[in-house]
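The next block is coords-v6.txt, given as compact mmCIF, C-alpha atoms.
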# COMPACT_ATOMS: atom_id res chain seq x y z
CA MET A 1 40.73 -40.12 -52.99
CA PRO A 2 37.04 -39.07 -53.05
CA ALA A 3 35.28 -39.48 -56.38
CA ALA A 4 34.21 -35.81 -56.47
CA LEU A 5 37.83 -34.67 -56.13
CA VAL A 6 38.96 -37.07 -58.88
CA GLN A 7 36.25 -35.73 -61.18
CA ARG A 8 37.17 -32.12 -60.34
CA ARG A 9 40.88 -32.71 -61.14
CA LEU A 10 40.00 -34.54 -64.36
CA VAL A 11 37.82 -31.65 -65.58
CA VAL A 12 40.53 -29.11 -64.77
CA THR A 13 43.13 -31.22 -66.62
CA LEU A 14 40.94 -31.65 -69.68
CA VAL A 15 40.14 -27.93 -69.89
CA LEU A 16 43.55 -26.48 -69.07
CA PHE A 17 45.59 -28.87 -71.24
CA GLY A 18 43.20 -28.98 -74.16
CA GLY A 19 44.74 -26.01 -75.90
CA ALA A 20 43.03 -23.20 -73.94
CA ALA A 21 44.86 -19.91 -73.74
CA PRO A 22 45.87 -18.50 -70.33
CA VAL A 23 43.65 -16.07 -68.42
CA PRO A 24 44.14 -12.56 -69.76
CA PRO A 25 46.19 -10.16 -67.65
CA PRO A 26 44.42 -7.61 -65.41
CA THR A 27 44.46 -4.95 -68.14
CA GLN A 28 42.18 -7.20 -70.29
CA ARG A 29 39.55 -7.97 -67.64
CA ALA A 30 36.85 -6.40 -69.85
CA ALA A 31 37.17 -9.17 -72.51
CA PRO A 32 34.54 -11.96 -72.54
CA LEU A 33 35.47 -14.96 -70.42
CA ARG A 34 36.43 -18.24 -72.08
CA LYS A 35 35.74 -21.62 -70.57
CA SER A 36 39.34 -21.91 -69.45
CA ASP A 37 38.98 -18.50 -67.69
CA LEU A 38 35.93 -19.76 -65.77
CA VAL A 39 37.79 -22.94 -64.79
CA ARG A 40 40.72 -20.92 -63.43
CA LEU A 41 38.41 -18.58 -61.51
CA LEU A 42 36.55 -21.56 -59.98
CA VAL A 43 39.72 -23.46 -59.05
CA GLY A 44 42.60 -21.01 -58.79
CA ALA A 45 41.20 -17.92 -56.98
CA PRO A 46 38.58 -19.18 -56.03
CA LEU A 47 35.80 -16.58 -56.19
CA ALA A 48 32.63 -16.72 -54.16
CA PRO A 49 29.61 -17.73 -56.31
CA ASP A 50 28.04 -14.25 -56.13
CA GLU A 51 31.35 -12.60 -57.12
CA LEU A 52 31.85 -14.98 -60.08
CA ALA A 53 28.23 -14.37 -61.18
CA ALA A 54 28.85 -10.61 -61.04
CA ARG A 55 32.06 -11.05 -63.06
CA ILE A 56 30.16 -12.96 -65.77
CA ARG A 57 27.39 -10.35 -65.76
CA GLN A 58 30.01 -7.65 -66.32
CA GLN A 59 32.18 -9.33 -68.97
CA CYS A 60 29.89 -12.00 -70.51
CA VAL A 61 31.36 -15.19 -72.04
CA SER A 62 32.87 -15.86 -75.45
CA PHE A 63 31.28 -19.29 -76.02
CA THR A 64 27.91 -20.99 -76.04
CA PRO A 65 28.20 -23.81 -73.47
CA THR A 66 27.31 -27.35 -74.46
CA LYS A 67 25.83 -29.89 -72.09
CA LYS A 68 29.33 -31.16 -71.41
CA ASP A 69 30.60 -27.61 -70.70
CA ARG A 70 27.83 -27.07 -68.16
CA ALA A 71 28.54 -30.43 -66.52
CA ASP A 72 32.25 -29.57 -66.28
CA LEU A 73 31.52 -26.20 -64.65
CA VAL A 74 29.07 -27.73 -62.15
CA ALA A 75 31.69 -30.35 -61.24
CA LEU A 76 34.11 -27.51 -60.46
CA GLY A 77 31.65 -25.74 -58.14
CA ALA A 78 29.54 -23.48 -60.35
CA ASP A 79 26.10 -22.97 -58.80
CA SER A 80 22.75 -22.01 -60.33
CA SER A 81 23.51 -18.26 -60.17
CA VAL A 82 26.67 -18.73 -62.28
CA LEU A 83 24.86 -20.88 -64.85
CA ARG A 84 21.99 -18.41 -64.97
CA GLU A 85 24.35 -15.53 -65.76
CA ILE A 86 25.97 -17.62 -68.54
CA ASP A 87 22.54 -18.37 -70.04
CA ASP A 88 21.52 -14.70 -69.86
CA CYS A 89 24.76 -13.73 -71.59
CA THR A 90 24.29 -16.18 -74.47
CA ARG A 91 20.69 -15.05 -74.93
CA ARG A 92 21.77 -11.41 -75.11
CA ALA A 93 24.42 -12.31 -77.68
CA ALA A 94 21.85 -14.22 -79.76
CA ARG A 95 19.48 -11.24 -79.76
CA ALA A 96 22.25 -8.82 -80.68
CA HIS A 97 23.60 -11.02 -83.52
CA PRO A 98 20.75 -13.28 -84.71
CA ALA A 99 22.54 -14.26 -87.92
CA ALA A 100 25.58 -15.44 -85.99
CA ALA A 101 23.36 -17.48 -83.68
CA ARG A 102 21.77 -19.49 -86.56
CA PRO A 103 23.88 -22.42 -87.79
CA GLY A 104 24.68 -22.58 -91.48
CA PRO A 105 27.46 -22.13 -93.98
CA ARG A 106 29.57 -19.06 -93.61
CA PRO A 107 28.80 -16.55 -96.40
CA ILE A 108 31.57 -15.94 -98.90
CA THR A 109 32.63 -12.31 -99.07
CA PRO A 110 33.40 -11.16 -102.63
CA PRO A 111 36.98 -10.00 -103.17
CA ALA A 112 35.78 -6.46 -103.95
CA ALA A 113 33.93 -6.24 -100.64
CA GLN A 114 36.97 -7.57 -98.81
CA ALA A 115 39.19 -4.93 -100.38
CA SER A 116 36.77 -2.15 -99.46
CA VAL A 117 37.27 -2.68 -95.75
CA PRO A 118 40.23 -0.64 -94.48
CA PRO A 119 42.74 -2.98 -92.78
CA SER A 120 43.25 -0.53 -89.93
CA THR A 121 39.55 -0.45 -88.97
CA PRO A 122 38.90 -2.95 -86.15
CA PRO A 123 35.67 -4.94 -86.22
CA PRO A 124 32.83 -3.75 -83.98
CA ALA A 125 33.41 -6.57 -81.52
CA SER A 126 37.03 -5.52 -81.01
CA ARG A 127 36.02 -1.94 -80.24
CA ALA A 128 33.37 -3.09 -77.74
CA LEU A 129 35.95 -5.18 -75.88
CA SER A 130 38.68 -2.57 -75.72
CA PRO A 131 40.05 -2.40 -72.16
CA SER A 132 40.09 1.40 -72.28
CA LEU A 133 36.32 1.39 -72.92
CA GLY A 134 35.51 -1.39 -70.45
CA PRO A 135 33.46 -0.87 -67.27
CA ALA A 136 35.02 -0.08 -63.93
CA PRO A 137 36.26 -3.07 -61.91
CA LEU A 138 33.84 -4.72 -59.51
CA LEU A 139 34.90 -4.00 -55.92
CA SER A 140 35.08 -6.91 -53.52
CA SER A 141 33.08 -6.50 -50.31
CA VAL A 142 35.21 -9.25 -48.76
CA ARG A 143 38.68 -7.96 -49.68
CA THR A 144 38.02 -4.22 -49.19
CA GLY A 145 38.44 -2.71 -45.71
CA PHE A 146 40.74 -1.44 -42.95
CA VAL A 147 43.94 -3.45 -42.64
CA LEU A 148 45.94 -1.52 -40.01
CA GLY A 149 45.33 0.81 -37.04
CA VAL A 150 41.99 -0.57 -35.80
CA GLY A 151 41.58 -0.84 -32.01
CA GLN A 152 44.22 1.74 -31.04
CA HIS A 153 44.11 3.50 -27.65
CA ALA A 154 45.28 7.06 -26.99
CA VAL A 155 44.51 9.88 -24.56
CA ALA A 156 41.31 11.79 -25.38
CA GLY A 157 42.06 14.79 -27.58
CA ALA A 158 45.37 13.32 -28.81
CA ARG A 159 46.30 12.07 -32.27
CA ALA A 160 46.14 8.31 -32.89
CA PRO A 161 49.72 6.95 -32.90
CA VAL A 162 49.27 5.07 -36.22
CA PRO A 163 47.21 6.29 -39.21
CA LEU A 164 44.42 4.00 -40.36
CA LEU A 165 45.34 2.01 -43.49
CA PHE A 166 42.48 1.25 -45.90
CA GLU A 167 42.71 -1.12 -48.87
CA VAL A 168 40.46 -1.47 -51.94
CA ARG A 169 40.50 -4.68 -54.03
CA ASP A 170 38.35 -6.04 -56.82
CA THR A 171 36.57 -9.40 -57.00
CA VAL A 172 39.69 -11.08 -58.40
CA GLY A 173 41.74 -9.85 -55.44
CA LEU A 174 43.71 -7.25 -57.39
CA PRO A 175 44.33 -3.77 -55.90
CA VAL A 176 42.25 -0.92 -57.33
CA PRO A 177 44.35 2.27 -57.76
CA GLY A 178 42.85 5.74 -58.19
CA GLN A 179 39.68 4.87 -56.23
CA GLU A 180 38.11 7.66 -54.14
CA VAL A 181 37.12 6.73 -50.57
CA ALA A 182 34.97 8.96 -48.30
CA PHE A 183 35.44 9.04 -44.50
CA THR A 184 33.34 10.20 -41.53
CA VAL A 185 34.01 10.00 -37.79
CA THR A 186 32.15 10.29 -34.49
CA ASN A 187 33.97 11.64 -31.41
CA GLY A 188 37.03 12.58 -33.43
CA ARG A 189 38.54 14.57 -36.29
CA LEU A 190 39.99 13.36 -39.62
CA ASP A 191 42.89 14.80 -41.59
CA ALA A 192 40.71 14.73 -44.72
CA PRO A 193 37.15 13.59 -45.51
CA ARG A 194 38.22 11.99 -48.84
CA ALA A 195 41.32 10.29 -50.21
CA ILE A 196 42.48 8.42 -53.35
CA THR A 197 44.05 4.95 -53.33
CA ASP A 198 47.67 4.67 -54.51
CA SER A 199 49.06 2.22 -57.06
CA GLY A 200 48.71 -0.58 -54.51
CA GLY A 201 45.04 0.19 -53.86
CA ARG A 202 45.82 1.62 -50.40
CA LEU A 203 45.56 4.95 -48.57
CA ASN A 204 46.25 6.34 -45.09
CA VAL A 205 43.93 8.52 -42.99
CA GLY A 206 45.08 10.30 -39.83
CA VAL A 207 42.68 10.51 -36.86
CA THR A 208 42.61 12.84 -33.85
CA LEU A 209 40.57 11.36 -31.00
CA GLY A 210 37.65 13.35 -29.60
CA PRO A 211 37.39 14.95 -26.15
CA LYS A 212 35.07 12.30 -24.72
CA ALA A 213 36.60 9.13 -23.27
CA GLY A 214 35.22 6.09 -25.08
CA PRO A 215 34.98 4.71 -28.64
CA VAL A 216 35.88 6.69 -31.76
CA ASP A 217 34.06 5.32 -34.83
CA VAL A 218 35.58 5.91 -38.28
CA THR A 219 33.47 4.94 -41.33
CA ALA A 220 34.93 4.45 -44.82
CA THR A 221 32.58 4.38 -47.83
CA VAL A 222 33.60 3.28 -51.33
CA GLY A 223 30.77 2.68 -53.78
CA PRO A 224 28.14 0.55 -52.04
CA ILE A 225 30.67 -0.75 -49.48
CA ALA A 226 30.92 0.76 -45.95
CA ARG A 227 33.49 -0.35 -43.39
CA HIS A 228 33.97 0.71 -39.73
CA ALA A 229 37.09 1.05 -37.59
CA LEU A 230 36.88 1.56 -33.82
CA LEU A 231 39.58 3.39 -31.87
CA TYR A 232 39.42 4.25 -28.16
CA ALA A 233 39.99 7.55 -26.35
CA ASP A 234 41.23 7.10 -22.79
CA ALA A 235 40.91 9.60 -19.95
CA GLY A 236 44.04 11.66 -19.31
CA PRO A 237 45.74 12.31 -15.97
CA ALA A 238 43.66 13.88 -13.22
CA THR A 239 43.82 17.67 -13.05
CA GLU A 240 41.13 18.38 -10.44
CA LEU A 241 39.23 16.79 -7.56
CA LEU A 242 35.52 17.29 -6.91
CA LEU A 243 33.97 16.88 -3.45
CA HIS A 244 30.34 15.93 -2.93
CA CYS A 245 27.91 15.84 -0.04
CA GLY A 246 25.32 13.29 -1.14
CA PRO A 247 23.96 14.51 -4.51
CA LEU A 248 25.32 18.06 -3.99
CA ASP A 249 28.62 19.28 -5.47
CA ILE A 250 30.69 21.32 -3.02
CA GLU A 251 32.03 24.39 -4.83
CA ARG A 252 32.99 27.31 -2.54
CA GLY A 253 32.76 25.98 0.98
CA LEU A 254 31.10 23.49 3.31
CA SER A 255 28.80 24.15 6.24
CA LEU A 256 28.51 21.45 8.93
CA ALA A 257 26.39 21.15 12.04
CA PRO A 258 28.35 20.78 15.31
CA SER A 259 29.15 17.22 16.45
CA THR A 260 27.41 15.56 13.46
CA PRO A 261 29.68 13.13 11.49
CA VAL A 262 29.35 13.20 7.67
CA THR A 263 30.88 11.30 4.72
CA LEU A 264 32.11 13.30 1.74
CA GLY A 265 32.49 11.83 -1.76
CA VAL A 266 35.58 12.50 -3.91
CA THR A 267 35.97 12.12 -7.71
CA ALA A 268 38.85 12.98 -10.08
CA ARG A 269 38.59 14.44 -13.61
CA ASP A 270 41.07 15.09 -16.41
CA ALA A 271 41.52 18.38 -18.25
CA LEU A 272 38.62 17.57 -20.61
CA GLY A 273 36.21 16.65 -17.82
CA ASN A 274 36.48 12.86 -18.17
CA PRO A 275 36.34 10.84 -14.93
CA THR A 276 39.66 9.21 -14.04
CA ALA A 277 40.68 6.43 -11.68
CA MET A 278 41.03 7.30 -8.01
CA THR A 279 44.45 6.48 -6.47
CA GLY A 280 46.37 7.51 -3.34
CA LEU A 281 43.51 9.27 -1.53
CA GLU A 282 44.54 11.34 1.52
CA ALA A 283 42.80 13.99 3.68
CA ALA A 284 43.93 16.33 6.45
CA SER A 285 42.27 19.02 8.60
CA GLY A 286 43.87 22.37 9.41
CA ASP A 287 42.43 22.26 12.96
CA ALA A 288 41.47 18.91 14.49
CA ALA A 289 39.50 20.68 17.23
CA VAL A 290 37.15 22.13 14.59
CA LEU A 291 37.14 19.16 12.15
CA ARG A 292 38.62 15.71 12.62
CA VAL A 293 39.29 13.29 9.71
CA MET A 294 38.14 9.84 10.79
CA THR A 295 38.61 7.55 7.72
CA VAL A 296 39.43 7.69 4.00
CA GLY A 297 38.86 5.01 1.38
CA VAL A 298 38.40 4.29 -2.33
CA ASP A 299 35.26 2.65 -3.66
CA GLY A 300 35.79 1.87 -7.37
CA PRO A 301 36.23 5.10 -9.36
CA ALA A 302 35.30 7.33 -6.36
CA GLY A 303 36.72 7.98 -2.91
CA ARG A 304 35.18 8.86 0.45
CA VAL A 305 36.31 10.93 3.42
CA ARG A 306 34.47 10.65 6.77
CA VAL A 307 34.85 13.63 9.12
CA THR A 308 33.49 14.62 12.56
CA PRO A 309 32.92 18.34 13.28
CA GLY A 310 33.72 19.84 16.71
CA ASP A 311 31.54 22.30 18.65
CA GLY A 312 32.18 25.22 16.30
CA GLY A 313 34.70 27.22 14.30
CA SER A 314 36.23 27.26 10.82
CA THR A 315 39.19 25.48 9.22
CA THR A 316 40.48 24.03 5.95
CA LEU A 317 40.09 20.46 4.71
CA VAL A 318 42.82 19.35 2.26
CA VAL A 319 42.10 16.34 0.02
CA ALA A 320 44.68 14.85 -2.38
CA ALA A 321 44.38 11.94 -4.84
CA SER A 322 45.53 10.86 -8.32
CA GLY A 323 48.10 13.66 -8.42
CA ALA A 324 45.51 16.43 -7.86
CA ARG A 325 44.50 18.42 -4.76
CA ALA A 326 41.43 20.25 -3.41
CA ASP A 327 41.39 22.79 -0.53
CA LEU A 328 37.97 23.21 1.05
CA ARG A 329 36.84 25.89 3.53
CA VAL A 330 34.75 24.32 6.30
CA LEU A 331 32.51 26.17 8.77
CA VAL A 332 31.13 24.36 11.80
CA SER A 333 28.20 26.33 13.16
CA PRO A 334 24.44 26.04 13.75
CA THR A 335 24.10 29.01 11.37
CA ARG A 336 24.82 28.22 7.72
CA PRO A 337 26.10 31.00 5.40
CA ALA A 338 24.57 31.42 1.93
CA ASP A 339 27.82 30.71 0.03
CA ALA A 340 28.45 27.33 1.69
CA THR A 341 26.95 23.94 0.82
CA PRO A 342 25.06 22.47 3.78
CA CYS A 343 25.94 18.87 4.71
CA PRO A 344 24.00 16.94 5.72
Encoded form using structure tokens:
Amino acid sequence: MPAALVQRRLVVTLVLFGGAAPVPPPTQRAAPLRKSDLVRLLVGAPLAPDELAARIRQQCVSFTPTKKDRADLVALGADSSVLREIDDCTRRAARAHPAAARPGPRPITPPAAQASVPPSTPPPASRALSPSLGPAPLLSSVRTGFVLGVGQHAVAGARAPVPLLFEVRDTVGLPVPGQEVAFTVTNGRLDAPRAITDSGGRLNVGVTLGPKAGPVDVTATVGPIARHALLYADAGPATELLLHCGPLDIERGLSLAPSTPVTLGVTARDALGNPTAMTGLEAASGDAAVLRVMTVGVDGPAGRVRVTPGDGGSTTLVVAASGARADLRVLVSPTRPADATPCP
């Protein structure tokens, strides 16, 4: 067994079985920490050095460490920040109670003075350490965050199937009830902008995804801690097809020159205008003598239809894909009407 581990176990044994009292329950976290408390926090939890230093800064310690105490704590993993907080605490205590800090015989209180103190009046130190008057618990930036619902997918504009579950814990790992958490969202809508943690330190927040396909970013803020949860809005089923001639969108009709082949582009969109995948593309002409469909194909998210006009006339071009359909009026003539898109 490594020497460092043997030393660590020996220190823990000496401290824990030397008559030290157990760590106070969560309701007494405001009391000063004893040496046995520090040993348990270093070995049993364990806390990160910065969290343990913050705990000492909040609660202080109930003893003035000797050289042996400091050596024991270092052997258990205490770093310079922890020792510095202990030193600051003892210095503050010495300034607050200079008489107690100076060694010497304990003064004898006359019996009359003893009798003048009401038995029911607690000493000042007891009032200062009352749990009901203690500071709020220190929140853990490591143990606080989203624990369920992150990464969900749903159709844009729909409600996320599972509410987001957020958890707040302190630096000891205990849940923090009654804590207010604020929420914001981009590309979405929340049930409520604020919520309070329950007895287990948890709360749920419902999310409705935004109209734009892509990420939905939910931010939770509690004290100085901010956490993000990403959900994803997917495009819905196609509800319309759009036809294009180069960069031009074809809206009312199409004007083609006689005997000049052209390639039309096809894209599909859902009810909220999000592009959708192109599947099952088909095209047919109402009159092959006026307009003949040569080829159809899908190129990634878009499709293409290649047609060859005849000598002249008008007909209808029907295009279907992804469960949607477009009917396009086509005029083949050297003269192009104002309400038709020229192509090419």
I'd like to know which of A:Ala320, A:Leu203, A:Ala154, A:Val216 is closest to Leu241 in chain A, using all atoms listed in the file.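 Among the listed residues, the smallest separation from Leu241 in chain A belongs to A:Ala320.
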What lies within 7 Å of range 183-189 of chain A using all atoms listed in the file, ignoring chain neighbours under 2 positions off, as a PDB file with C-alpha atoms, in the frame of the given file?
ATOM      1  CA  VAL A 181      37.120   6.730 -50.570  1.00  0.00           C
ATOM      2  CA  ASP A 191      42.890  14.800 -41.590  1.00  0.00           C
ATOM      3  CA  PRO A 193      37.150  13.590 -45.510  1.00  0.00           C
ATOM      4  CA  ARG A 194      38.220  11.990 -48.840  1.00  0.00           C
ATOM      5  CA  VAL A 207      42.680  10.510 -36.860  1.00  0.00           C
ATOM      6  CA  THR A 208      42.610  12.840 -33.850  1.00  0.00           C
ATOM      7  CA  LEU A 209      40.570  11.360 -31.000  1.00  0.00           C
ATOM      8  CA  GLY A 210      37.650  13.350 -29.600  1.00  0.00           C
ATOM      9  CA  LYS A 212      35.070  12.300 -24.720  1.00  0.00           C
ATOM     10  CA  VAL A 216      35.880   6.690 -31.760  1.00  0.00           C
ATOM     11  CA  ASP A 217      34.060   5.320 -34.830  1.00  0.00           C
ATOM     12  CA  VAL A 218      35.580   5.910 -38.280  1.00  0.00           C
ATOM     13  CA  THR A 219      33.470   4.940 -41.330  1.00  0.00           C
ATOM     14  CA  ALA A 220      34.930   4.450 -44.820  1.00  0.00           C
ATOM     15  CA  THR A 221      32.580   4.380 -47.830  1.00  0.00           C
TER      16      THR A 221
END
One decimal, Å: what's the distance from CA of Gly236 in chain A over to CA of Met278 in chain A, could you say?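 Going from CA of Gly236 in chain A over to CA of Met278 in chain A covers 12.5 Å.
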Draw an axis-aligned box tight on the listed atoms of range 47-56 of chain A, then pad every side by 4 Å and write out centre and edge lengths in Å to one decimal as AutoDock Vina command-line options.
--center_x 31.9 --center_y -14.2 --center_z -60.0 --size_x 15.8 --size_y 15.1 --size_z 19.6
To one decimal place in Å, what is the distance between CA of Gly300 in chain A and CA of Thr267 in chain A? 10.3 Å
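Proximity to Leu272 in chain A was assessed for A:Val296, A:Val155, A:Ile196, A:Leu52 counting all atoms listed in the file; the smallest distance is recorded for A:Val155.
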Using all atoms listed in the file, the best pick from A:Ile56, A:Leu76, A:Ala71, A:Cys89 as closest to Thr171 in chain A would be A:Ile56
Excluding Tyr232 in chain A and its own-chain neighbours fewer than 5 positions away, which residues fall within 6 Å of it when counting only C-alpha atoms? Please give them as a ChimeraX atom specification. /A:153,214-216
